[in-house]
>>> print(open('structure-v8.cif').read())   # mmCIF, C-alpha atoms
data_work
loop_
_atom_site.label_atom_id
_atom_site.label_comp_id
_atom_site.auth_asym_id
_atom_site.auth_seq_id
_atom_site.Cartn_x
_atom_site.Cartn_y
_atom_site.Cartn_z
CA MET A 23 -27.76 -33.49 73.14
CA LYS A 24 -24.27 -34.99 73.01
CA VAL A 25 -24.74 -35.66 69.36
CA HIS A 26 -25.42 -32.01 68.62
CA LYS A 27 -22.34 -30.94 70.55
CA SER A 28 -20.11 -33.33 68.64
CA LEU A 29 -21.49 -32.15 65.33
CA SER A 30 -20.97 -28.53 66.28
CA LEU A 31 -17.36 -29.21 67.21
CA MET A 32 -16.66 -30.85 63.87
CA LEU A 33 -18.17 -27.92 61.99
CA LEU A 34 -16.00 -25.49 63.93
CA MET A 35 -12.84 -27.48 63.09
CA ILE A 36 -13.71 -27.56 59.41
CA LEU A 37 -14.42 -23.84 59.41
CA TYR A 38 -11.10 -23.11 61.10
CA ALA A 39 -9.22 -25.19 58.58
CA CYS A 40 -10.82 -23.32 55.71
CA THR A 41 -10.10 -19.99 57.31
CA GLY A 42 -6.37 -20.91 57.75
CA ASP A 43 -5.88 -21.38 53.99
CA GLU A 44 -7.16 -17.93 53.03
CA PRO A 45 -3.97 -15.83 53.70
CA ALA A 46 -1.90 -17.90 51.26
CA GLU A 47 -4.54 -17.57 48.58
CA GLU A 48 -4.74 -13.83 49.16
CA ASP A 49 -0.93 -13.50 48.84
CA ASP A 50 -0.98 -15.31 45.52
CA GLN A 51 -3.83 -13.14 44.35
CA GLN A 52 -1.99 -9.93 45.34
CA ALA A 53 1.13 -11.08 43.52
CA GLU A 54 -0.90 -11.59 40.38
CA GLU A 55 -2.61 -8.22 40.75
CA ASN A 56 0.68 -6.25 41.44
CA PRO A 57 3.45 -7.60 39.12
CA GLU A 58 5.04 -4.09 38.86
CA GLU A 59 6.56 -4.49 42.32
CA GLU A 60 8.88 -7.27 41.10
CA THR A 61 9.67 -5.25 37.94
CA VAL A 62 10.70 -2.23 40.00
CA GLU A 63 13.02 -4.40 42.04
CA ALA A 64 14.53 -5.81 38.82
CA ASP A 65 14.98 -2.30 37.38
CA GLU A 66 16.67 -1.16 40.54
CA SER A 67 19.02 -4.12 40.24
CA GLU A 68 19.79 -3.18 36.61
CA ASN A 69 20.38 0.48 37.53
CA ASP A 70 22.95 -0.68 40.00
CA ASP A 71 25.08 -1.64 36.95
CA ILE A 72 25.34 2.02 35.83
CA GLN A 73 28.47 3.24 37.54
CA LEU A 74 29.59 6.83 37.11
CA GLY A 75 33.28 7.57 36.59
CA ASP A 76 35.39 10.61 37.32
CA LEU A 77 33.13 13.52 36.46
CA ASP A 78 35.94 16.02 37.04
CA ARG A 79 37.47 15.15 33.67
CA PHE A 80 34.66 17.14 32.04
CA ALA A 81 35.00 20.13 34.35
CA GLY A 82 36.93 23.28 33.52
CA ASP A 83 36.94 25.16 30.25
CA ASP A 84 40.03 23.75 28.47
CA PRO A 85 38.94 21.99 25.25
CA GLU A 86 42.34 20.33 24.90
CA GLU A 87 41.80 18.57 28.23
CA TRP A 88 38.31 17.57 27.13
CA MET A 89 39.76 15.96 24.02
CA ARG A 90 42.31 14.05 26.07
CA ALA A 91 39.63 12.77 28.47
CA GLU A 92 38.32 9.21 28.51
CA PRO A 93 35.09 9.00 26.50
CA GLY A 94 31.68 8.17 27.91
CA THR A 95 31.25 4.61 29.12
CA TYR A 96 28.48 3.84 26.63
CA TYR A 97 29.42 6.15 23.74
CA GLU A 98 29.79 3.18 21.38
CA ASP A 99 26.72 1.17 22.50
CA TYR A 100 24.32 3.78 23.85
CA ASP A 101 21.30 2.19 22.14
CA ASP A 102 21.85 -1.07 24.04
CA HIS A 103 21.75 0.71 27.41
CA GLU A 104 19.40 3.61 26.74
CA GLU A 105 16.81 2.63 29.35
CA GLU A 106 19.36 2.07 32.12
CA ILE A 107 21.14 5.35 31.31
CA LEU A 108 17.88 7.29 31.34
CA GLN A 109 16.81 5.67 34.61
CA ALA A 110 20.15 6.49 36.24
CA LEU A 111 19.80 10.13 35.23
CA GLN A 112 16.18 10.18 36.43
CA ASP A 113 17.38 8.94 39.81
CA MET A 114 19.92 11.77 39.93
CA VAL A 115 17.18 14.30 39.19
CA ALA A 116 15.03 12.76 41.90
CA ASP A 117 17.94 12.99 44.33
CA GLY A 118 18.30 16.71 43.59
CA ALA A 119 21.54 16.63 41.57
CA GLU A 120 22.87 20.01 40.48
CA GLU A 121 22.69 20.95 36.81
CA GLU A 122 26.44 20.82 36.20
CA GLN A 123 26.72 17.46 37.96
CA LEU A 124 23.88 16.11 35.85
CA PHE A 125 25.51 17.45 32.66
CA HIS A 126 28.85 15.88 33.56
CA ALA A 127 27.06 12.59 34.29
CA MET A 128 25.50 12.70 30.82
CA LEU A 129 28.99 13.17 29.37
CA ASP A 130 30.43 10.43 31.57
CA LEU A 131 27.92 8.04 30.06
CA THR A 132 27.79 9.18 26.41
CA ALA A 133 30.62 11.64 25.49
CA GLU A 134 32.45 10.93 22.22
CA ASP A 135 36.09 9.82 22.05
CA TYR A 136 38.36 12.65 20.83
CA ARG A 137 41.71 11.21 21.93
CA ASP A 138 42.85 10.11 18.46
CA TYR A 139 42.13 13.59 17.13
CA GLN A 140 44.20 15.18 19.87
CA ASP A 141 46.99 12.72 19.09
CA TYR A 142 46.79 13.92 15.50
CA PHE A 143 47.31 17.51 16.63
CA ASP A 144 50.13 16.48 18.97
CA ASN A 145 52.05 14.29 16.53
CA MET A 146 51.41 15.79 13.10
CA GLU A 147 54.85 16.51 11.61
CA ILE A 148 55.16 19.14 8.93
CA GLU A 149 58.44 18.38 7.21
CA TYR A 150 59.33 18.34 3.55
CA GLY A 151 62.60 16.99 2.21
CA TYR A 152 63.92 16.66 -1.30
CA ALA A 153 61.69 14.11 -2.95
CA ASP A 154 63.97 13.26 -5.89
CA ASP A 155 67.65 12.78 -6.49
CA GLN A 156 69.94 15.76 -6.77
CA PRO A 157 72.34 15.78 -9.72
CA GLY A 158 75.63 14.66 -8.23
CA GLU A 159 74.41 14.83 -4.65
CA MET A 160 74.38 12.10 -2.04
CA GLU A 161 72.49 13.37 0.93
CA ILE A 162 68.94 14.56 0.48
CA GLY A 163 67.30 15.78 3.64
CA GLU A 164 68.14 14.58 7.12
CA GLY A 165 68.61 10.83 7.20
CA GLU A 166 67.52 10.30 3.61
CA ASP A 167 69.71 8.95 0.88
CA GLY A 168 69.90 10.59 -2.53
CA VAL A 169 72.06 9.59 -5.48
CA GLN A 170 75.81 9.18 -5.26
CA VAL A 171 77.44 10.17 -8.54
CA ASN A 172 80.79 8.57 -9.29
CA ILE A 173 82.81 9.88 -12.24
CA GLN A 174 85.80 7.94 -13.50
CA ILE A 175 88.16 9.26 -16.16
CA LEU A 176 90.03 6.67 -18.22
CA PHE A 177 92.97 8.64 -19.64
CA ASP A 178 94.84 7.53 -22.75
CA ALA A 179 98.61 7.92 -22.24
CA SER A 180 99.65 6.07 -25.36
CA GLY A 181 102.54 7.39 -27.44
CA SER A 182 100.25 9.09 -29.96
CA MET A 183 99.12 11.54 -27.28
CA ALA A 184 102.52 13.22 -27.68
CA GLU A 185 101.43 14.53 -31.06
CA GLU A 186 100.49 18.16 -31.33
CA VAL A 187 97.23 19.89 -32.20
CA ASP A 188 97.50 23.57 -33.10
CA GLY A 189 101.05 23.61 -31.78
CA LYS A 190 100.24 22.09 -28.40
CA GLU A 191 100.74 18.52 -27.21
CA LYS A 192 97.49 16.56 -27.10
CA MET A 193 98.40 15.18 -23.69
CA ASP A 194 98.65 18.67 -22.20
CA ILE A 195 95.40 19.77 -23.80
CA ALA A 196 93.57 16.70 -22.49
CA LYS A 197 95.00 17.07 -18.97
CA GLU A 198 93.91 20.69 -18.73
CA ALA A 199 90.43 19.91 -20.03
CA VAL A 200 90.00 17.00 -17.63
CA GLN A 201 91.26 19.08 -14.70
CA ASP A 202 88.76 21.84 -15.47
CA PHE A 203 85.93 19.35 -15.91
CA VAL A 204 86.30 17.49 -12.62
CA SER A 205 86.98 20.69 -10.69
CA GLU A 206 83.54 21.98 -11.68
CA MET A 207 81.65 18.92 -10.55
CA PRO A 208 79.44 19.17 -7.43
CA GLU A 209 81.46 18.79 -4.25
CA THR A 210 79.64 15.61 -3.32
CA ALA A 211 80.51 13.80 -6.56
CA ASN A 212 83.30 11.24 -6.31
CA ILE A 213 86.13 11.30 -8.85
CA SER A 214 88.51 8.60 -10.02
CA LEU A 215 91.37 8.80 -12.54
CA ARG A 216 92.76 5.71 -14.26
CA VAL A 217 95.58 5.97 -16.81
CA TYR A 218 96.49 3.39 -19.44
CA GLY A 219 99.30 3.02 -21.99
CA HIS A 220 101.80 4.85 -19.75
CA GLU A 221 104.13 1.87 -19.28
CA GLY A 222 106.85 0.52 -21.59
CA SER A 223 106.97 2.28 -24.93
CA ASN A 224 105.30 2.26 -28.29
CA GLN A 225 107.97 -0.05 -29.63
CA GLN A 226 107.23 -3.69 -30.40
CA GLU A 227 109.68 -5.00 -27.81
CA ASP A 228 107.81 -3.11 -25.06
CA LYS A 229 104.30 -3.93 -26.23
CA GLU A 230 103.67 -6.63 -23.65
CA GLU A 231 104.66 -4.33 -20.80
CA SER A 232 102.66 -1.47 -22.20
CA CYS A 233 99.52 -3.53 -22.82
CA VAL A 234 99.25 -4.49 -19.17
CA GLY A 235 99.94 -0.95 -18.07
CA THR A 236 96.73 0.43 -16.55
CA GLU A 237 96.71 2.12 -13.15
CA GLU A 238 94.25 4.00 -10.96
CA VAL A 239 96.32 7.02 -9.98
CA TYR A 240 93.48 8.83 -8.18
CA PRO A 241 91.26 6.37 -6.29
CA LEU A 242 87.55 7.05 -6.12
CA SER A 243 86.98 9.87 -3.65
CA SER A 244 85.94 13.49 -3.45
CA TYR A 245 87.87 15.95 -5.57
CA GLU A 246 90.98 17.50 -4.03
CA GLU A 247 92.65 19.87 -6.46
CA GLU A 248 96.25 19.40 -5.33
CA ALA A 249 96.04 15.62 -5.13
CA PHE A 250 94.32 15.36 -8.51
CA THR A 251 96.92 17.62 -10.13
CA ASP A 252 99.69 15.44 -8.71
CA ALA A 253 97.98 12.38 -10.18
CA LEU A 254 97.84 13.97 -13.64
CA GLU A 255 101.55 14.82 -13.50
CA GLN A 256 102.56 11.20 -12.83
CA PHE A 257 102.40 10.11 -16.47
CA GLU A 258 103.41 11.16 -19.97
CA PRO A 259 102.53 9.78 -23.41
CA THR A 260 104.37 6.49 -23.73
CA GLY A 261 103.09 3.22 -25.15
CA TYR A 262 100.23 1.24 -26.67
CA THR A 263 96.46 1.56 -26.07
CA PRO A 264 95.14 -1.19 -23.74
CA LEU A 265 91.63 0.27 -23.76
CA ALA A 266 89.78 -2.99 -23.05
CA ALA A 267 92.02 -3.81 -20.08
CA SER A 268 91.40 -0.35 -18.65
CA ILE A 269 87.61 -0.67 -18.95
CA GLU A 270 87.78 -4.10 -17.31
CA ALA A 271 89.84 -2.62 -14.48
CA SER A 272 87.23 0.11 -14.09
CA GLN A 273 84.77 -2.53 -12.97
CA GLU A 274 87.14 -3.41 -10.13
CA ASP A 275 87.59 0.27 -9.22
CA LEU A 276 83.84 0.74 -8.93
CA ASP A 277 83.16 -2.57 -7.23
CA GLY A 278 80.51 -2.14 -4.56
CA GLU A 279 79.29 1.15 -6.01
CA ASP A 280 75.90 -0.16 -7.00
CA GLY A 281 72.26 0.20 -6.09
CA GLU A 282 69.37 2.50 -6.89
CA ASP A 283 71.04 5.42 -5.13
CA VAL A 284 74.32 5.22 -7.07
CA GLU A 285 75.06 6.51 -10.57
CA ASN A 286 78.37 5.61 -12.21
CA MET A 287 79.69 7.44 -15.27
CA VAL A 288 82.91 6.56 -17.09
CA TYR A 289 84.58 8.99 -19.52
CA VAL A 290 87.23 7.52 -21.80
CA VAL A 291 89.56 10.18 -23.21
CA SER A 292 91.43 8.65 -26.14
CA ASP A 293 92.93 9.54 -29.50
CA GLY A 294 92.63 6.07 -30.97
CA GLU A 295 91.27 2.57 -30.85
CA GLU A 296 92.44 -0.53 -28.99
CA THR A 297 95.97 -1.62 -30.02
CA CYS A 298 96.57 -4.48 -27.58
CA GLY A 299 94.17 -7.07 -29.01
CA GLY A 300 91.48 -6.64 -26.36
CA ASP A 301 87.74 -6.33 -26.90
CA PRO A 302 86.72 -2.93 -25.50
CA VAL A 303 83.19 -3.28 -26.91
CA GLN A 304 82.59 -6.41 -24.84
CA ALA A 305 84.29 -4.83 -21.83
CA ALA A 306 82.02 -1.77 -22.04
CA GLU A 307 78.93 -3.94 -22.38
CA ASP A 308 79.96 -6.07 -19.40
CA LEU A 309 80.57 -2.97 -17.29
CA ASN A 310 77.20 -1.50 -18.18
CA GLU A 311 75.31 -4.75 -17.58
CA SER A 312 77.03 -5.46 -14.27
CA GLU A 313 75.55 -4.43 -10.92
CA ILE A 314 77.57 -1.23 -11.29
CA GLU A 315 75.56 -0.28 -14.39
CA ALA A 316 78.11 2.32 -15.45
CA LEU A 317 77.53 4.46 -18.53
CA VAL A 318 80.63 4.39 -20.74
CA ASN A 319 81.14 7.66 -22.63
CA ILE A 320 83.91 8.06 -25.19
CA ILE A 321 85.63 11.38 -25.94
CA GLY A 322 87.57 10.92 -29.15
CA PHE A 323 90.31 13.56 -29.35
CA ASP A 324 91.81 14.11 -32.79
CA VAL A 325 90.71 10.65 -33.90
CA GLY A 326 90.99 9.56 -37.53
CA SER A 327 87.79 8.82 -39.38
CA ASP A 328 88.74 5.16 -39.67
CA GLU A 329 88.95 4.82 -35.87
CA GLN A 330 85.87 6.80 -34.92
CA GLU A 331 83.52 3.93 -35.68
CA ALA A 332 85.41 1.62 -33.32
CA LEU A 333 85.13 4.16 -30.49
CA LEU A 334 81.47 4.83 -31.31
CA ASN A 335 80.74 1.11 -30.96
CA ILE A 336 82.29 1.13 -27.50
CA ALA A 337 80.05 4.00 -26.40
CA ASP A 338 76.99 2.24 -27.81
CA ALA A 339 77.86 -0.97 -25.96
CA GLY A 340 78.28 0.98 -22.73
CA GLU A 341 74.94 2.81 -23.17
CA GLY A 342 76.91 6.07 -23.26
CA GLU A 343 77.65 8.72 -25.84
CA TYR A 344 80.47 9.39 -28.25
CA PHE A 345 81.91 12.91 -28.44
CA SER A 346 84.37 14.01 -31.10
CA ALA A 347 86.92 16.81 -30.64
CA ASP A 348 89.60 17.76 -33.16
CA SER A 349 91.03 20.77 -31.36
CA GLU A 350 91.61 22.17 -27.90
CA ASP A 351 88.55 24.35 -28.19
CA GLN A 352 86.40 21.44 -29.29
CA LEU A 353 87.65 19.26 -26.45
CA ARG A 354 86.80 21.95 -23.95
CA GLU A 355 83.42 22.33 -25.61
CA VAL A 356 82.75 18.64 -25.08
CA PHE A 357 83.47 18.91 -21.36
CA ASP A 358 81.56 22.19 -21.21
CA ALA A 359 78.59 20.47 -22.81
CA GLU A 360 78.66 17.78 -20.15
CA ARG A 361 78.86 20.49 -17.51
CA ASP A 362 75.95 22.32 -19.16
CA PHE A 363 74.03 19.07 -19.13
CA LEU A 364 74.40 19.01 -15.36
CA ILE A 365 73.29 22.65 -15.21
CA GLU A 366 70.17 21.72 -17.15
CA GLU A 367 69.62 18.83 -14.79
CA TRP A 368 69.82 21.23 -11.86
CA LEU A 369 67.23 23.45 -13.54
CA ALA A 370 64.97 20.46 -14.09
CA TRP A 371 65.63 19.27 -10.54
CA GLU A 372 64.67 22.67 -9.13
CA SER A 373 61.45 22.71 -11.12
CA ASP A 374 60.55 19.16 -10.13
CA GLN A 375 61.38 19.74 -6.48
CA ARG A 376 59.35 22.92 -6.26
CA SER A 377 56.42 21.23 -7.95
CA ASP A 378 56.66 18.17 -5.69
CA ASN A 379 56.96 20.41 -2.66
CA ILE A 380 53.79 22.29 -3.58
CA ASP A 381 51.94 19.02 -4.19
CA GLU A 382 53.06 17.61 -0.85
CA MET A 383 52.24 20.82 1.00
CA MET A 384 48.78 21.04 -0.56
CA GLY A 385 48.23 17.37 0.22
CA ASP A 386 48.99 18.01 3.89
CA ARG A 387 46.69 21.01 3.96
CA ASP A 388 43.89 18.96 2.41
CA ASP A 389 44.45 16.13 4.91
CA ILE A 390 44.35 18.59 7.80
CA SER A 391 41.11 20.12 6.52
CA GLU A 392 39.58 16.68 6.05
CA MET A 393 40.53 15.71 9.60
CA GLU A 394 39.14 19.00 10.90
CA GLY A 395 35.83 18.36 9.16
CA GLU A 396 35.65 14.85 10.58
CA MET A 397 36.25 15.88 14.18
CA ARG A 398 33.87 18.85 13.95
CA GLU A 399 31.21 16.45 12.72
CA VAL A 400 31.84 14.19 15.72
CA ALA A 401 31.39 17.17 18.05
CA THR A 402 28.11 18.01 16.34
CA GLU A 403 26.91 14.40 16.63
CA GLU A 404 27.73 14.47 20.34
CA ARG A 405 25.72 17.67 20.75
CA ASN A 406 22.72 16.15 18.97
CA HIS A 407 22.97 12.98 21.02
CA LEU A 408 23.06 14.91 24.28
CA ARG A 409 20.09 17.03 23.21
CA THR A 410 18.04 13.92 22.48
CA LEU A 411 18.95 12.40 25.82
CA LEU A 412 18.06 15.64 27.60
CA THR A 413 14.68 15.79 25.84
CA GLU A 414 13.89 12.25 26.98
CA LEU A 415 14.97 13.10 30.51
CA GLU A 416 12.79 16.21 30.55
CA SER A 417 9.78 14.17 29.46
CA GLU A 418 10.28 11.65 32.27
CA THR A 419 11.03 14.08 35.11
CA ASP A 420 10.05 17.46 36.47
CA MET A 421 13.37 19.23 35.93
CA GLY A 422 12.01 22.75 35.80
CA ASP A 423 14.14 25.53 34.36
CA HIS A 424 17.77 24.58 33.71
CA ALA A 425 20.85 25.61 31.71
CA ILE A 426 21.93 22.17 30.50
CA THR A 427 20.97 22.92 26.90
CA GLU A 428 23.27 25.92 26.99
CA MET A 429 26.03 23.79 28.49
CA ILE A 430 25.66 21.29 25.65
CA ASN A 431 25.84 23.99 22.99
CA ASP A 432 28.77 25.75 24.66
CA ARG A 433 30.74 22.51 24.80
CA MET A 434 30.20 21.86 21.10
CA GLN A 435 31.12 25.41 20.11
CA THR A 436 34.24 25.38 22.30
CA LEU A 437 35.39 22.06 20.88
CA ARG A 438 34.73 23.08 17.29
CA SER A 439 36.54 26.40 17.74
CA TYR A 440 39.54 24.64 19.25
CA MET A 441 39.62 22.11 16.41
CA SER A 442 39.46 24.85 13.79
CA ASP A 443 42.19 26.89 15.48
CA GLU A 444 44.54 23.91 15.76
CA ALA A 445 43.88 22.87 12.16
CA ARG A 446 44.47 26.41 10.94
CA LEU A 447 47.82 26.52 12.76
CA LEU A 448 48.85 23.23 11.13
CA ARG A 449 47.86 24.47 7.68
CA GLN A 450 49.78 27.66 8.29
CA GLU A 451 52.81 25.65 9.39
CA ALA A 452 52.56 23.53 6.24
CA SER A 453 52.47 26.64 4.05
CA GLU A 454 55.43 28.25 5.82
CA GLU A 455 57.49 25.06 5.81
CA GLY A 456 56.77 24.52 2.13
CA ARG A 457 57.68 28.10 1.30
CA GLU A 458 60.97 27.88 3.24
CA ASP A 459 61.89 24.59 1.60
CA ARG A 460 61.14 25.92 -1.87
CA GLN A 461 63.43 28.86 -1.16
CA GLU A 462 66.17 26.45 -0.05
CA ILE A 463 65.65 24.43 -3.22
CA ARG A 464 65.91 27.57 -5.33
CA ASP A 465 69.03 28.79 -3.52
CA GLU A 466 70.77 25.43 -3.69
CA ALA A 467 70.02 24.93 -7.37
CA ARG A 468 71.25 28.43 -8.20
CA GLU A 469 74.44 27.90 -6.22
CA GLU A 470 75.15 24.60 -7.95
CA ARG A 471 74.52 26.12 -11.37
CA ARG A 472 76.79 29.02 -10.46
CA ASN A 473 79.53 26.60 -9.45
CA LEU A 474 79.20 24.74 -12.73
CA ARG A 475 79.43 27.85 -14.91
#
>>> encode(input="structure-v8.cif", output="structure tokens")
Amino acid sequence: MKVHKSLSLMLLMILYACTGDEPAEEDDQQAEENPEEETVEADESENDDIQLGDLDRFAGDDPEEWMRAEPGTYYEDYDDHEEEILQALQDMVADGAEEEQLFHAMLDLTAEDYRDYQDYFDNMEIEYGYADDQPGEMEIGEGEDGVQVNIQILFDASGSMAEEVDGKEKMDIAKEAVQDFVSEMPETANISLRVYGHEGSNQQEDKEESCVGTEEVYPLSSYEEEAFTDALEQFEPTGYTPLAASIEASQEDLDGEDGEDVENMVYVVSDGEETCGGDPVQAAEDLNESEIEALVNIIGFDVGSDEQEALLNIADAGEGEYFSADSEDQLREVFDAERDFLIEEWLAWESDQRSDNIDEMMGDRDDISEMEGEMREVATEERNHLRTLLTELESETDMGDHAITEMINDRMQTLRSYMSDEARLLRQEASEEGREDRQEIRDEAREERRNLR
């Protein structure tokens, strides 16, 4: 009997031990049968990473403020976060979020970035200056440099200038012609007057003194009638013709007047060739090839045929032109021709400027239209993106009737209308600015031509 009791006790202990292991096995089995519980917890942890920003930036009805707003958090990498974004919006639907709040949340997560486009509207400057150099003008547009024209007259005061042409002293004829010429130059042109051969006499004993006699009597500056007249009256026909020395001195007078925005022109008024042993051809070449790059023009007044070739060679060496005048009328015609040349340059300048202005204006209008098309396309892409997201959300939730589709379309239309209006205003400004500038170009060119006539 004792044996049976002992055996029964052992069986009970074994049975109890087996029964104690069952709960652990059941837990393991349940975990295997219900893996979605762990997945849900993981998804909830991932959804915690979706943080909404300031939804108020998408409120209101001002498209300019919308364009200044920060873009959606995931607008650049939506595809990488699509599931989390959709889950976050599903949670909002489940929590009973209002339609407008849900729409603003969609924007907070995916809205496009329009800030650079608004900066374009804010900072686009419509301003056209003078694209090319004005004949004889320095300043072109505000803060822009044009071309500085410097004109230097090298005046022959050798003894032979006392001779008469048609009953009038050559010196007087030349002075009057020079005075008229420089007085008709644009106000912004600088003028210089250097005289040579006005010292000593034309006698052998005074040759040395005369051959070093070259003097700048009107330093390079703007034209002042009274001062220039006084400078002309300082000398009379006297000595030899130190032409080379005068051209060499011209390089010193114009020292520093170099660069792409400077144009130097030298006019030598003479009735004969070099008589002091210098080399005016070399001097003219050196002046032209220096940093000054002056053009050396020769006006031969009542010059003998045997001396014309020498003066022509000087003009060739200085990359200038040789003009011949045998009378007062012809001398004036030479200066008039140079003046007419400037008039023609003003005509060409006006034509070029108006053409360049139109090209620049049309270029701006095209750029504005291209930018408008680009930003309107972005607004359309945003609309399409939001529609797709809304469709996915509708398929995953029971949203019922809502007006979010209308909100999406209204936002796109409002943005696109604003973009078109702003672009149209910029194009209109470009047209008006271009038209005003072309009128200024026309008026200025006409005034300068009138002054030169």
>>> axis_aligned_box(input="structure-v8.cif", around="stretch 138-153 of chain A", padding_each_side="6 Å", output="lines of an AutoDock Vina configuration file")
center_x = 53.0
center_y = 14.6
center_z = 8.5
size_x = 33.8
size_y = 21.0
size_z = 34.8
>>> resolve_selection(input="structure-v8.cif", expression="the PyMOL selection byres ((chain A and resi 254) around 9)", output="PyMOL selection string")
chain A and resi 197+201+215+217+239-240+249-253+255-258
>>> residues_near_point(input="structure-v8.cif", point="(20.4, 20.6, 40.4)", cutoff="12 Å", atoms="all atoms listed in the file", output="list in words")
Leu111, Gln112, Met114, Val115, Ala116, Asp117, Gly118, Ala119, Glu120, Glu121, Glu122, Gln123, Leu124, Phe125, His126, Asp420, Met421, Gly422, Asp423, His424, Ala425 and Ile426 of chain A
>>> resolve_selection(input="structure-v8.cif", expression="the PyMOL selection byres ((chain A and resi 291) around 7)", output="PyMOL selection string")
chain A and resi 176-178+289-290+292+320-322
>>> resolve_selection(input="structure-v8.cif", expression="the PyMOL selection byres ((chain A and resi 135-144) around 12)", output="number ranges by chain")
A: 85-98, 129-134, 145-148, 389-390, 392-401, 403-404, 437-438, 440-449
>>> atom_distance(input="structure-v8.cif", atom1="atom CA of A:Asp293", atom2="atom CA of A:Met183")
6.9 Å
>>> closest_residue(input="structure-v8.cif", among="A:Val288, A:Ile213, A:Leu317, A:Cys298", to="A:Asp228", atoms="all atoms listed in the file")
A:Cys298
>>> atom_distance(input="structure-v8.cif", atom1="atom CA of A:Asp283", atom2="atom CA of A:Ser244")
17.0 Å
>>> atom_distance(input="structure-v8.cif", atom1="atom CA of A:Glu307", atom2="atom CA of A:Ile173")
17.6 Å
>>> decode(input="structure-v8.cif", residues="stretch 175-205 of chain A", atoms="C-alpha atoms", output="mmCIF file, in the first residue's frame")
data_model
loop_
_atom_site.group_PDB
_atom_site.id
_atom_site.type_symbol
_atom_site.label_atom_id
_atom_site.label_comp_id
_atom_site.auth_asym_id
_atom_site.auth_seq_id
_atom_site.Cartn_x
_atom_site.Cartn_y
_atom_site.Cartn_z
ATOM 1 C CA ILE A 175 45.674 120.513 -81.422
ATOM 2 C CA LEU A 176 49.345 120.903 -82.354
ATOM 3 C CA PHE A 177 49.493 124.389 -83.877
ATOM 4 C CA ASP A 178 52.266 125.460 -86.242
ATOM 5 C CA ALA A 179 53.472 128.977 -85.361
ATOM 6 C CA SER A 180 56.500 128.962 -87.628
ATOM 7 C CA GLY A 181 57.371 132.084 -89.598
ATOM 8 C CA SER A 182 55.745 130.812 -92.787
ATOM 9 C CA MET A 183 52.328 131.024 -91.133
ATOM 10 C CA ALA A 184 52.601 134.809 -91.540
ATOM 11 C CA GLU A 185 52.112 134.395 -95.275
ATOM 12 C CA GLU A 186 48.753 135.262 -96.726
ATOM 13 C CA VAL A 187 46.128 133.186 -98.500
ATOM 14 C CA ASP A 188 43.479 135.134 -100.405
ATOM 15 C CA GLY A 189 44.621 138.314 -98.682
ATOM 16 C CA LYS A 190 44.426 136.954 -95.149
ATOM 17 C CA GLU A 191 47.235 135.745 -92.906
ATOM 18 C CA LYS A 192 47.358 131.952 -92.666
ATOM 19 C CA MET A 193 47.819 132.177 -88.900
ATOM 20 C CA ASP A 194 44.546 134.070 -88.487
ATOM 21 C CA ILE A 195 42.679 131.687 -90.771
ATOM 22 C CA ALA A 196 43.982 128.662 -88.873
ATOM 23 C CA LYS A 197 43.186 130.163 -85.459
ATOM 24 C CA GLU A 198 39.598 130.910 -86.444
ATOM 25 C CA ALA A 199 39.097 127.446 -87.915
ATOM 26 C CA VAL A 200 40.551 125.750 -84.841
ATOM 27 C CA GLN A 201 38.439 127.907 -82.521
ATOM 28 C CA ASP A 202 35.266 126.978 -84.400
ATOM 29 C CA PHE A 203 36.203 123.303 -84.464
ATOM 30 C CA VAL A 204 36.855 122.824 -80.751
ATOM 31 C CA SER A 205 33.866 124.968 -79.774
#
